[in-house]
Every structure is written in structure tokens, then in C-alpha cells.
file start04.cif (mmCIF, C-alpha atoms)
data_entry
loop_
_atom_site.label_atom_id
_atom_site.label_comp_id
_atom_site.auth_asym_id
_atom_site.auth_seq_id
_atom_site.Cartn_x
_atom_site.Cartn_y
_atom_site.Cartn_z
CA GLN A 14 1.17 -11.21 -10.99
CA VAL A 15 3.27 -8.80 -8.94
CA ARG A 16 6.85 -9.63 -8.06
CA SER A 17 9.58 -7.65 -6.30
CA PRO A 18 13.30 -8.30 -5.73
CA ALA A 19 13.17 -7.54 -1.98
CA ARG A 20 11.21 -9.68 0.52
CA GLY A 21 9.01 -7.55 2.79
CA GLU A 22 9.14 -4.52 0.47
CA GLU A 23 5.96 -2.45 0.51
CA ILE A 24 4.33 -2.26 -2.94
CA VAL A 25 1.60 0.27 -3.74
CA LEU A 26 -0.89 -0.76 -6.41
CA GLU A 27 -2.48 2.43 -7.72
CA PRO A 28 -4.99 2.24 -10.59
CA LEU A 29 -4.93 5.15 -13.03
CA ALA A 30 -7.71 5.92 -15.52
CA GLU A 31 -6.79 7.30 -18.92
CA SER A 32 -10.30 8.69 -19.36
CA PRO A 33 -13.34 9.29 -17.11
CA LEU A 34 -14.86 6.07 -15.77
CA PRO A 35 -18.60 5.31 -16.05
CA ASP A 36 -20.42 6.03 -12.77
CA GLN A 37 -21.69 2.45 -12.47
CA LEU A 38 -18.19 0.89 -12.85
CA VAL A 39 -16.96 -1.03 -9.80
CA LEU A 40 -13.33 -2.20 -9.46
CA VAL A 41 -12.32 -4.92 -6.99
CA LEU A 42 -8.84 -6.37 -6.60
CA VAL A 43 -8.90 -10.05 -5.58
CA ASP A 44 -5.81 -11.33 -3.76
CA ARG A 45 -5.72 -15.03 -4.68
CA GLU A 46 -2.98 -15.80 -2.12
CA LEU A 47 -4.79 -14.38 0.89
CA GLY A 48 -8.35 -15.07 -0.25
CA GLU A 49 -9.42 -11.47 0.19
CA SER A 50 -10.87 -8.79 -2.03
CA ILE A 51 -10.31 -5.05 -1.89
CA VAL A 52 -12.67 -2.44 -3.33
CA LEU A 53 -10.62 -0.07 -5.47
CA ARG A 54 -13.68 1.84 -6.69
CA ALA A 55 -17.29 1.88 -5.52
CA PRO A 56 -20.01 3.05 -7.96
CA GLY A 57 -19.37 6.72 -8.78
CA GLY A 58 -16.46 6.90 -6.36
CA PRO A 59 -12.78 7.75 -6.72
CA LEU A 60 -10.06 5.21 -7.44
CA ALA A 61 -8.22 3.90 -4.36
CA ALA A 62 -4.74 2.43 -3.98
CA HIS A 63 -3.86 -0.79 -2.14
CA ARG A 64 -0.62 -1.74 -0.36
CA ILE A 65 0.90 -5.23 -0.23
CA LEU A 66 4.16 -6.72 1.06
CA SER A 67 6.46 -8.47 -1.37
CA HIS A 68 7.16 -12.19 -0.94
CA GLY A 69 10.54 -11.62 -2.61
CA PRO A 70 11.83 -12.65 -6.03
CA GLY A 71 10.92 -16.32 -5.64
CA GLN A 72 7.18 -15.88 -5.20
CA ALA A 73 4.76 -13.60 -7.03
CA TYR A 74 1.49 -12.19 -5.72
CA ARG A 75 -1.40 -13.56 -7.77
CA LEU A 76 -4.01 -10.83 -8.17
CA MET A 77 -7.17 -10.53 -10.23
CA LEU A 78 -8.99 -7.31 -11.12
CA LEU A 79 -12.79 -7.52 -11.36
CA ALA A 80 -14.46 -4.68 -13.26
CA GLY A 81 -18.12 -4.24 -14.06
CA THR A 82 -21.48 -3.36 -12.57
CA GLU A 83 -22.04 -3.76 -8.85
CA ALA A 84 -24.18 -6.89 -9.40
CA TYR A 85 -21.60 -8.53 -11.69
CA VAL A 86 -18.66 -7.83 -9.36
CA ALA A 87 -20.62 -9.02 -6.30
CA ARG A 88 -21.51 -12.30 -8.02
CA GLU A 89 -17.95 -12.96 -9.20
CA ARG A 90 -16.47 -11.89 -5.87
CA GLN A 91 -18.68 -14.30 -3.96
CA GLU A 92 -17.59 -17.19 -6.17
CA LEU A 93 -13.90 -16.35 -5.69
CA ALA A 94 -13.83 -15.25 -2.06
CA ALA A 95 -13.05 -17.61 0.74
CA VAL A 96 -15.09 -17.12 3.88
CA ALA A 97 -13.71 -18.07 7.26
CA GLY A 98 -15.74 -20.57 9.28
CA ARG A 99 -15.19 -18.42 12.39
CA THR A 100 -13.42 -15.21 13.35
CA LEU A 101 -9.67 -15.78 13.23
CA LEU A 102 -6.46 -13.80 13.58
CA ASP A 103 -3.30 -15.00 11.84
CA GLN A 104 0.21 -14.36 13.09
CA ASN A 105 1.68 -11.27 11.45
CA ALA A 106 4.18 -11.80 8.64
CA PRO A 107 7.03 -11.26 8.61
CA ASN A 108 7.69 -11.67 12.32
CA PRO A 109 10.03 -10.39 13.63
CA PHE A 110 9.95 -7.36 11.33
CA GLY A 111 11.90 -4.14 10.93
CA GLY A 112 9.94 -2.26 8.27
CA THR A 113 6.35 -3.25 7.57
CA THR A 114 4.35 -6.31 8.56
CA ARG A 115 1.01 -7.73 7.39
CA ILE A 116 -1.76 -8.65 9.84
CA ARG A 117 -4.44 -10.91 8.35
CA PHE A 118 -7.78 -11.84 9.88
CA GLY A 119 -10.92 -13.65 8.79
CA LEU A 120 -14.59 -12.99 9.49
CA ALA A 121 -17.37 -15.58 9.16
CA ARG A 122 -19.97 -12.82 8.73
CA PRO A 123 -19.99 -9.02 8.43
CA GLU A 124 -18.76 -7.55 11.71
CA ASN A 125 -17.89 -4.24 13.32
CA VAL A 126 -14.08 -4.54 13.64
CA ALA A 127 -11.31 -2.86 15.61
CA LEU A 128 -7.63 -3.78 15.27
CA ARG A 129 -5.21 -2.13 17.67
CA VAL A 130 -1.55 -2.48 18.63
CA TYR A 131 -0.45 -2.36 22.30
CA ASN A 132 2.91 -2.24 24.04
CA VAL A 133 3.86 -4.66 26.85
CA ARG A 134 2.39 -2.24 29.43
CA GLY A 135 -1.02 -2.53 27.77
CA GLN A 136 -0.93 1.01 26.38
CA ARG A 137 -2.47 1.48 22.94
CA VAL A 138 0.25 2.36 20.44
CA ALA A 139 -1.68 2.38 17.15
CA THR A 140 -5.19 1.86 15.81
CA LEU A 141 -5.16 0.08 12.44
CA VAL A 142 -8.92 -0.44 12.05
CA ASP A 143 -11.28 1.69 14.13
CA GLY A 144 -14.77 0.25 14.46
CA GLU A 145 -15.37 -0.31 10.73
CA MET A 146 -18.07 -2.65 9.42
CA LEU A 147 -16.20 -5.21 7.30
CA SER A 148 -17.57 -7.95 5.05
CA ALA A 149 -17.26 -11.68 5.66
CA GLY A 150 -14.02 -13.11 4.33
CA TYR A 151 -10.34 -12.43 4.80
CA HIS A 152 -8.82 -8.99 5.30
CA SER A 153 -5.27 -7.77 5.84
CA VAL A 154 -3.78 -4.58 7.21
CA LEU A 155 -0.19 -3.34 7.04
CA TRP A 156 1.60 -1.85 10.04
CA SER A 157 4.89 -0.01 9.58
CA GLY A 158 5.91 0.16 13.25
CA THR A 159 4.60 3.65 13.90
CA ASP A 160 2.36 5.04 16.62
CA GLY A 161 -0.93 6.91 16.15
CA ALA A 162 0.96 10.13 15.37
CA GLY A 163 3.14 8.45 12.73
CA ARG A 164 6.30 8.33 14.87
CA PRO A 165 8.44 5.17 14.83
CA VAL A 166 7.94 2.96 17.90
CA ALA A 167 10.81 1.52 19.94
CA HIS A 168 12.00 -1.97 19.10
CA GLY A 169 10.50 -4.71 21.26
CA VAL A 170 7.47 -6.88 21.84
CA TYR A 171 3.98 -5.62 20.95
CA PHE A 172 0.53 -7.17 20.91
CA PHE A 173 -2.14 -6.74 18.25
CA ARG A 174 -5.76 -7.25 19.23
CA LEU A 175 -8.70 -7.88 16.92
CA THR A 176 -12.19 -7.20 18.23
CA ALA A 177 -14.98 -8.37 15.91
CA GLY A 178 -18.48 -8.30 17.38
CA THR A 179 -18.22 -10.20 20.69
CA THR A 180 -14.95 -11.96 19.77
CA ALA A 181 -11.54 -10.64 20.81
CA LEU A 182 -8.27 -12.27 19.70
CA THR A 183 -4.70 -11.22 20.52
CA ARG A 184 -1.28 -12.14 19.12
CA ARG A 185 2.28 -11.07 19.87
CA LEU A 186 4.77 -9.54 17.42
CA LEU A 187 8.38 -8.46 17.58
CA PHE A 188 9.57 -5.16 16.09
CA VAL A 189 13.31 -4.91 15.46
CA ARG A 190 15.39 -2.19 13.87
#
call {"tool": "encode", "arguments": {"input": "start04.cif", "output": "C-alpha cells"}}
result
Amino acid sequence: QVRSPARGEEIVLEPLAESPLPDQLVLVLVDRELGESIVLRAPGGPLAAHRILSHGPGQAYRLMLLAGTEAYVARERQELAAVAGRTLLDQNAPNPFGGTTRIRFGLARPENVALRVYNVRGQRVATLVDGEMLSAGYHSVLWSGTDGAGRPVAHGVYFFRLTAGTTALTRRLLFVR
């Protein structure tokens, strides 16, 4: 479990190895609250970090770390992972937000995905996922209110648009300072 005193605080989960890891070792972090899993290490690859937003002191994040061969982790992951019945896009949380917000979406099958943020004029402000092939299940992305160059955006209304295969879904968010 991960708990933080401040609601909406960004928490970085960064695995550290005390000794070299076997090439065949796979590490996957399963987020039990969101029903998603995040690959922290592919076979032979480097360790990766993952960012989450705190629910505050009253609610902990329930996470599980799967470690083993690719076949073992895939089998366990499939049993634990929820799969959406169709492509869906949740409302960002928190909303309105002033620091970082989480955007969650679900895929019924593996899809080529783009997730972009637009201003009220329809101009692209940020690209959060750029044409990546993602697995079926739930995924989440954090946005800290910055444009593609990392500069803070102005406060106001923005739209985030998910394109997955032939499906496109859009939601509105409010950024405040």
C-alpha cells in the first residue's frame, strides 16, 4: 500500500535493484484500484519508474508487484487484470486541478492509441500518448498542465481526446492555478 498526506500529490515509484537482475526477470506493477498493470521491467530491459497521484491520507493505493518469467507474469496478470467491454475514457481526476491530474481509459482489445490535450480553440497543447500500441485493459496517464515544450499552460478549460483504432472520445477538464 502507498499512502501520502497530501491529496493529489505526485508519487514516483522507482524500483532499485541491489544486485544485477536475471535477464529473464519481468516486473509488473498491478494497480488494484484502477485495474491496470504497468511493466516496470521487460525481459533483459532496464527498470522503469511509475507515477501515481495520492488519494490523500484517508485512502491508500493498493498495489501488487508481480515478478517472474514472462510466461508466469502474463498468466498472473491476465487473472488479475480487468478488461473493458469497450473503449472508454473516464473523466480526469481531480477536476478541476492545479497541479497534476490523472486521465484513465480502457481498451477492450490491443489498440494503437493517441491521447492529446487541446485548448478551447482546438489547438493541440500536449500529446500524452503518441500512437502507441497498448494492451487491452485499463491505462492511466498523468498530465501536469504543461504544453509540449514543458511550459505551464494558462488556467482555463481544456479538452483531452483519446483515439483508439476507429474510436475517438473527448472530455473536458478545468486547469486552475
call {"tool": "residues_near_point", "arguments": {"input": "start04.cif", "point": "(-18.1, -3.0, -4.4)", "cutoff": "12 Å", "atoms": "all atoms listed in the file", "output": "PyMOL selection string"}}
result
chain A and resi 37-43+50-58+60+79-91+148
call {"tool": "atom_distance", "arguments": {"input": "start04.cif", "atom1": "CA of Asp160 (chain A)", "atom2": "CA of Val138 (chain A)"}}
result
5.1 Å
call {"tool": "resolve_selection", "arguments": {"input": "start04.cif", "expression": "the PyMOL selection byres ((chain A and resi 17-20) around 12)", "output": "JSON, numbers by chain"}}
result
{"A": [14, 15, 16, 21, 22, 23, 24, 25, 65, 66, 67, 68, 69, 70, 71, 72, 73, 74, 106, 107, 110, 111, 112, 113, 114]}
call {"tool": "write_last_selection", "arguments": {"input": "start04.cif", "atoms": "C-alpha atoms", "output": "CSV table (one decimal), in the frame of the given file"}}
result
chain,number,residue,atom,x,y,z
A,14,GLN,CA,1.2,-11.2,-11.0
A,15,VAL,CA,3.3,-8.8,-8.9
A,16,ARG,CA,6.8,-9.6,-8.1
A,21,GLY,CA,9.0,-7.6,2.8
A,22,GLU,CA,9.1,-4.5,0.5
A,23,GLU,CA,6.0,-2.4,0.5
A,24,ILE,CA,4.3,-2.3,-2.9
A,25,VAL,CA,1.6,0.3,-3.7
A,65,ILE,CA,0.9,-5.2,-0.2
A,66,LEU,CA,4.2,-6.7,1.1
A,67,SER,CA,6.5,-8.5,-1.4
A,68,HIS,CA,7.2,-12.2,-0.9
A,69,GLY,CA,10.5,-11.6,-2.6
A,70,PRO,CA,11.8,-12.6,-6.0
A,71,GLY,CA,10.9,-16.3,-5.6
A,72,GLN,CA,7.2,-15.9,-5.2
A,73,ALA,CA,4.8,-13.6,-7.0
A,74,TYR,CA,1.5,-12.2,-5.7
A,106,ALA,CA,4.2,-11.8,8.6
A,107,PRO,CA,7.0,-11.3,8.6
A,110,PHE,CA,10.0,-7.4,11.3
A,111,GLY,CA,11.9,-4.1,10.9
A,112,GLY,CA,9.9,-2.3,8.3
A,113,THR,CA,6.4,-3.2,7.6
A,114,THR,CA,4.4,-6.3,8.6
call {"tool": "residues_around", "arguments": {"input": "start04.cif", "residues": "Gly98 (chain A)", "least_positions_apart": "5", "cutoff": "9 Å", "atoms": "only C-alpha atoms", "output": "VMD selection string"}}
result
chain A and resid 119 to 122
call {"tool": "resolve_selection", "arguments": {"input": "start04.cif", "expression": "the PyMOL selection byres ((chain A and resi 178-184) around 8)", "output": "PyMOL selection string"}}
result
chain A and resi 100-102+104+124-126+172-177+185-186
call {"tool": "closest_residue", "arguments": {"input": "start04.cif", "among": "A:Leu76, A:Tyr171, A:Ala61, A:Val189", "to": "Gln136 (chain A)", "atoms": "all atoms listed in the file"}}
result
A:Tyr171
call {"tool": "residues_around", "arguments": {"input": "start04.cif", "residues": "Arg117 (chain A)", "least_positions_apart": "2", "cutoff": "7 Å", "atoms": "all atoms listed in the file", "output": "ChimeraX atom specification"}}
result
/A:102-103,105,115,152-154
call {"tool": "atom_distance", "arguments": {"input": "start04.cif", "atom1": "CA of Ala127 (chain A)", "atom2": "CA of His63 (chain A)"}}
result
19.4 Å
call {"tool": "atom_distance", "arguments": {"input": "start04.cif", "atom1": "CA of Arg75 (chain A)", "atom2": "CA of Leu26 (chain A)"}}
result
12.9 Å
call {"tool": "residues_near_point", "arguments": {"input": "start04.cif", "point": "(-4.7, 2.7, 20.0)", "cutoff": "9 Å", "atoms": "only C-alpha atoms", "output": "PDB file with C-alpha atoms, keeping the file's coordinate frame"}}
result
ATOM      1  CA  LEU A 128      -7.630  -3.780  15.270  1.00  0.00           C
ATOM      2  CA  ARG A 129      -5.210  -2.130  17.670  1.00  0.00           C
ATOM      3  CA  VAL A 130      -1.550  -2.480  18.630  1.00  0.00           C
ATOM      4  CA  TYR A 131      -0.450  -2.360  22.300  1.00  0.00           C
ATOM      5  CA  GLN A 136      -0.930   1.010  26.380  1.00  0.00           C
ATOM      6  CA  ARG A 137      -2.470   1.480  22.940  1.00  0.00           C
ATOM      7  CA  VAL A 138       0.250   2.360  20.440  1.00  0.00           C
ATOM      8  CA  ALA A 139      -1.680   2.380  17.150  1.00  0.00           C
ATOM      9  CA  THR A 140      -5.190   1.860  15.810  1.00  0.00           C
ATOM     10  CA  LEU A 141      -5.160   0.080  12.440  1.00  0.00           C
ATOM     11  CA  ASP A 143     -11.280   1.690  14.130  1.00  0.00           C
ATOM     12  CA  ASP A 160       2.360   5.040  16.620  1.00  0.00           C
ATOM     13  CA  GLY A 161      -0.930   6.910  16.150  1.00  0.00           C
TER      14      GLY A 161
END
call {"tool": "closest_residue", "arguments": {"input": "start04.cif", "among": "A:Pro28, A:Arg190, A:Trp156, A:Glu49", "to": "His168 (chain A)", "atoms": "all atoms listed in the file"}}
result
A:Arg190
call {"tool": "closest_residue", "arguments": {"input": "start04.cif", "among": "A:Met77, A:Leu187, A:Pro59, A:Glu145", "to": "Asp36 (chain A)", "atoms": "all atoms listed in the file"}}
result
A:Pro59
call {"tool": "build_atoms", "arguments": {"input": "start04.cif", "residues": "region 28-39 of chain A", "atoms": "all heavy atoms", "output": "mmCIF file, keeping the file's coordinate frame"}}
result
data_model
loop_
_atom_site.group_PDB
_atom_site.id
_atom_site.type_symbol
_atom_site.label_atom_id
_atom_site.label_comp_id
_atom_site.auth_asym_id
_atom_site.auth_seq_id
_atom_site.Cartn_x
_atom_site.Cartn_y
_atom_site.Cartn_z
ATOM 1 N N PRO A 28 -4.383 2.207 -9.263
ATOM 2 C CA PRO A 28 -4.990 2.240 -10.590
ATOM 3 C C PRO A 28 -5.090 3.674 -11.108
ATOM 4 O O PRO A 28 -5.368 4.608 -10.354
ATOM 5 C CB PRO A 28 -6.380 1.644 -10.373
ATOM 6 C CG PRO A 28 -6.676 1.893 -8.942
ATOM 7 C CD PRO A 28 -5.351 1.901 -8.222
ATOM 8 N N LEU A 29 -4.832 3.845 -12.396
ATOM 9 C CA LEU A 29 -4.930 5.150 -13.030
ATOM 10 C C LEU A 29 -5.836 5.027 -14.254
ATOM 11 O O LEU A 29 -5.671 4.119 -15.067
ATOM 12 C CB LEU A 29 -3.538 5.637 -13.473
ATOM 13 C CG LEU A 29 -2.497 5.798 -12.364
ATOM 14 C CD1 LEU A 29 -1.136 6.092 -12.957
ATOM 15 C CD2 LEU A 29 -2.922 6.891 -11.404
ATOM 16 N N ALA A 30 -6.777 5.927 -14.381
ATOM 17 C CA ALA A 30 -7.710 5.920 -15.520
ATOM 18 C C ALA A 30 -7.229 6.893 -16.574
ATOM 19 O O ALA A 30 -6.891 8.033 -16.264
ATOM 20 C CB ALA A 30 -9.106 6.292 -15.049
ATOM 21 N N GLU A 31 -7.198 6.429 -17.821
ATOM 22 C CA GLU A 31 -6.790 7.300 -18.920
ATOM 23 C C GLU A 31 -7.911 8.225 -19.362
ATOM 24 O O GLU A 31 -7.677 9.229 -20.012
ATOM 25 C CB GLU A 31 -6.308 6.460 -20.105
ATOM 26 C CG GLU A 31 -5.014 5.742 -19.824
ATOM 27 C CD GLU A 31 -4.495 4.984 -21.032
ATOM 28 O OE1 GLU A 31 -5.126 5.040 -22.109
ATOM 29 O OE2 GLU A 31 -3.459 4.336 -20.888
ATOM 30 N N SER A 32 -9.148 7.861 -19.032
ATOM 31 C CA SER A 32 -10.300 8.690 -19.360
ATOM 32 C C SER A 32 -11.325 8.531 -18.235
ATOM 33 O O SER A 32 -11.202 7.631 -17.414
ATOM 34 C CB SER A 32 -10.900 8.261 -20.710
ATOM 35 O OG SER A 32 -11.307 6.913 -20.661
ATOM 36 N N PRO A 33 -12.342 9.398 -18.182
ATOM 37 C CA PRO A 33 -13.340 9.290 -17.110
ATOM 38 C C PRO A 33 -14.014 7.912 -17.107
ATOM 39 O O PRO A 33 -14.310 7.348 -18.164
ATOM 40 C CB PRO A 33 -14.345 10.394 -17.437
ATOM 41 C CG PRO A 33 -13.584 11.356 -18.293
ATOM 42 C CD PRO A 33 -12.589 10.530 -19.068
ATOM 43 N N LEU A 34 -14.232 7.380 -15.919
ATOM 44 C CA LEU A 34 -14.860 6.070 -15.770
ATOM 45 C C LEU A 34 -16.378 6.221 -15.654
ATOM 46 O O LEU A 34 -16.864 7.185 -15.058
ATOM 47 C CB LEU A 34 -14.330 5.375 -14.514
ATOM 48 C CG LEU A 34 -12.826 5.110 -14.489
ATOM 49 C CD1 LEU A 34 -12.402 4.561 -13.138
ATOM 50 C CD2 LEU A 34 -12.431 4.162 -15.604
ATOM 51 N N PRO A 35 -17.135 5.261 -16.204
ATOM 52 C CA PRO A 35 -18.600 5.310 -16.050
ATOM 53 C C PRO A 35 -18.970 5.253 -14.559
ATOM 54 O O PRO A 35 -18.316 4.555 -13.781
ATOM 55 C CB PRO A 35 -19.083 4.048 -16.767
ATOM 56 C CG PRO A 35 -17.946 3.615 -17.630
ATOM 57 C CD PRO A 35 -16.699 4.116 -16.985
ATOM 58 N N ASP A 36 -20.008 5.982 -14.177
ATOM 59 C CA ASP A 36 -20.420 6.030 -12.770
ATOM 60 C C ASP A 36 -20.714 4.656 -12.190
ATOM 61 O O ASP A 36 -20.443 4.400 -11.025
ATOM 62 C CB ASP A 36 -21.659 6.918 -12.589
ATOM 63 C CG ASP A 36 -21.290 8.394 -12.557
ATOM 64 O OD1 ASP A 36 -20.090 8.702 -12.387
ATOM 65 O OD2 ASP A 36 -22.199 9.223 -12.696
ATOM 66 N N GLN A 37 -21.288 3.756 -12.990
ATOM 67 C CA GLN A 37 -21.690 2.450 -12.470
ATOM 68 C C GLN A 37 -20.535 1.450 -12.386
ATOM 69 O O GLN A 37 -20.699 0.352 -11.860
ATOM 70 C CB GLN A 37 -22.838 1.852 -13.297
ATOM 71 C CG GLN A 37 -22.464 1.489 -14.716
ATOM 72 C CD GLN A 37 -22.552 2.651 -15.694
ATOM 73 O OE1 GLN A 37 -22.616 3.813 -15.312
ATOM 74 N NE2 GLN A 37 -22.554 2.345 -16.981
ATOM 75 N N LEU A 38 -19.322 1.806 -12.850
ATOM 76 C CA LEU A 38 -18.190 0.890 -12.850
ATOM 77 C C LEU A 38 -17.652 0.661 -11.445
ATOM 78 O O LEU A 38 -17.349 1.611 -10.728
ATOM 79 C CB LEU A 38 -17.068 1.403 -13.748
ATOM 80 C CG LEU A 38 -15.858 0.466 -13.859
ATOM 81 C CD1 LEU A 38 -16.225 -0.792 -14.639
ATOM 82 C CD2 LEU A 38 -14.694 1.189 -14.504
ATOM 83 N N VAL A 39 -17.534 -0.611 -11.084
ATOM 84 C CA VAL A 39 -16.960 -1.030 -9.800
ATOM 85 C C VAL A 39 -15.667 -1.767 -10.103
ATOM 86 O O VAL A 39 -15.608 -2.587 -11.025
ATOM 87 C CB VAL A 39 -17.933 -1.954 -9.041
ATOM 88 C CG1 VAL A 39 -17.294 -2.512 -7.784
ATOM 89 C CG2 VAL A 39 -19.219 -1.217 -8.716
#
